[in-house]
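Encoded as structure tokens, the structure appears first; notes follow it.
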Amino acid sequence: MRTAFLCLCFLGCAPLGVDSATTTKARAIAQEVDGQRVIDDVRTLSTQHLDDSHLDCAALNSKLDSWCNLSNSRSRALVMARLTSLGLQVELESSDTHPVTTNVVAELRGTSKPDEVVMIAAHFDAFYSGADDNSSGVAAMLEVARLLANRPLARTVRFTGFDLEEIGLVGSTRHVATRAHPKASLVFDCIGYSDTKPGSQSSLPGFPTPSAGDFLAVIGNDVSRGQVEQLFTVAKDQEVPTLLSIVAPGRGAGPLSGNLMRSDHAPLWLAGESAVFFTDTANFRNPNYHLPTDKADTLDQPFLTGATRAAAMAIVTWGDAP
Amino acid sequence: MVYGERVLRVLLPFVLAVSSSAAWAEHAIIAGGFTATTAASFSSSPGVSGFYAAWQYRTGSFVSGLGLRVSGASAVNPIPLEAFSRNGLTIELGPYVPLLAFELGVSGLQGLALPPSMRPQDFNRAENRLTGFFYVAMHTEALRFQWKRFTVSAAGLDVGTSLTAAGTVLRLNLELVSVGVRW
């Protein structure tokens, strides 16, 4: 696999460097990603979503079938149990405002800059079995947590499972409203589906993309441009999917960039903070999006493994770089 | 002919038109109707319509003014007023007097509509907080004409943004038709 860098940039900015020690460390840790473990976690999460109770869609004033097949309880419990088993102090971040949300937050304290936080996050609620959306993202976050649990970085790493992304970015908006904002954030939503056939990829309106849906979109705002560039520096020639970067101008938020804001990085962008979003572009590629057919068997394991490697490289780089 | 001379020749009619009228001044009172909308990533205003009135002072090609827009009160916009100042340029080509201006204002018309009450509104509320009260806009009147003591303008357009988070919340304001009296 190769790394390509297509950057739709609007404002100039000097790239942030990455020292060789950080690069070497990030690449070495990324090589330890266990692809089998990641896909197994996707299967487990998907099964648990199917077995879980569903949210009361009538209380959410929706008659959409998908909203009546939304679950979050067992996946939340799994995230909490897994992070706890890694020795991390796990906190449940609850809000009683309708609809009730409970995010899962765990922090790995930094060694030399503990007050600076780098966040890695994925939403754990899902429609139906939700393999790509978003068990793939949750599994990648758990794998990065496993790799880092016994080797803290210079900065604190915050692992966050967001609740109720699917019905309006609810958990992440509440998290951003109540917590200190991270120095850098990486958010996953749908990172496991790939298709190499020409024509398999639809373009995000206003953002031309390749015809084949075999790239991982790395979507940043101007605030996170430096972190996107650091990732591309470290991921060059590594075993990761083709990376396609889109950097939205300014905060990134606005009526013209709505299609770039459809996940939990959006509240951070709205607050003018740095956040990078990994995605396979969801419904612009995956025909199973928000359908009962979004199952683990439809995912591309090497693609998901590579996306997890890229994530590990990003977090180690942002967490350790001077 | 060097490139600079070509540029000057192209610009000459505009320069003459601007400078030839620089020796006099006039006032005008203008009134008209407008419709406006404000949009963020996932929210937009329900759309507001109303009336506006403005005072304009023109000296030569330079135009300054103050104005007030009024709409109906709603839950989204409980104080449906907007005050603005404009500074810009016009050019007189016979009866045709287009206007390009920079508008700065304070607005109570930029509220965003929230989704139905049972739906989660957290993100929309966060967007709404960014609308703020102050805005900046570019104002164009490409269909503006004068005849004797009167001016008529149609489809004047403001494109602007809230100053609380420039670029995040955009506003469009269409001045449907306005008429003015000069003295």
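Please note that chains go A, B, ... in the order of the structure tokens, that every chain numbers its residues from 1, and that ligands are numbered from 1 in the order shown.
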What are the closest atom pairs, with distances in Å to one decimal, for each residue of chain B lying within 10 Å of chain A, using only C-alpha atoms, rows by chain and rising residue number, as a Markdown table?
| residue | atom | partner | partner_atom | distance |
| --- | --- | --- | --- | --- |
| B:Thr38 | CA | A:Pro255 | CA | 9.5 |
| B:Ala39 | CA | A:Pro255 | CA | 6.0 |
| B:Ala40 | CA | A:Pro255 | CA | 4.7 |
| B:Ser41 | CA | A:Pro255 | CA | 4.1 |
| B:Phe42 | CA | A:Gly258 | CA | 6.7 |
| B:Ser43 | CA | A:Pro255 | CA | 8.3 |
| B:Ser44 | CA | A:Pro255 | CA | 8.7 |
| B:Pro116 | CA | A:Asn61 | CA | 8.0 |
| B:Ser117 | CA | A:Asn61 | CA | 8.4 |
| B:Met118 | CA | A:Leu60 | CA | 5.4 |
| B:Arg119 | CA | A:Leu60 | CA | 5.4 |
| B:Pro120 | CA | A:Gly168 | CA | 6.3 |
| B:Gln121 | CA | A:Gly168 | CA | 7.6 |
| B:Asp122 | CA | A:Val170 | CA | 6.2 |
| B:Phe123 | CA | A:Thr173 | CA | 6.0 |
| B:Asn124 | CA | A:Gly168 | CA | 8.8 |
| B:Arg125 | CA | A:Thr173 | CA | 9.8 |
| B:Ala126 | CA | A:Leu270 | CA | 7.8 |
| B:Glu127 | CA | A:Leu270 | CA | 7.2 |
| B:Leu130 | CA | A:Leu270 | CA | 8.5 |
| B:Ala165 | CA | A:Arg251 | CA | 8.5 |
| B:Ala166 | CA | A:Gly250 | CA | 8.6 |
| B:Gly167 | CA | A:Gly254 | CA | 6.3 |
| B:Thr168 | CA | A:Gly254 | CA | 4.1 |
| B:Val169 | CA | A:Gly254 | CA | 6.1 |
| B:Leu170 | CA | A:Pro255 | CA | 7.3 |
Filtered DSSP result for stretch 15-139 of chain B, state strand (DSSP E), as a ChimeraX atom specification
/B:25-39,48-59,62-71,81-90,99-107,134-139
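Non-sequential neighbours of A:Ser224 (distance at most 7 Å, separation of 3 or more positions within a chain, only C-alpha atoms) are Gly220, Asn221, Gln227, Val228, Ser274, Ala275 and Val276 of chain A.
The environment of B:Leu109 within 8 Å, counting only C-alpha atoms and disregarding residues fewer than 4 places along the same chain, consists of Val48, Ser71, Asn77, Ile79, Pro80, Leu81 and Glu82 of chain B.
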Per-residue DSSP, stretch 163-312 of chain A, filtered to helix (DSSP H, G or I), as an MDAnalysis selection string
chainID A and resid 170:178 222:235 255:260 266:270 282:284 296:298 301:312
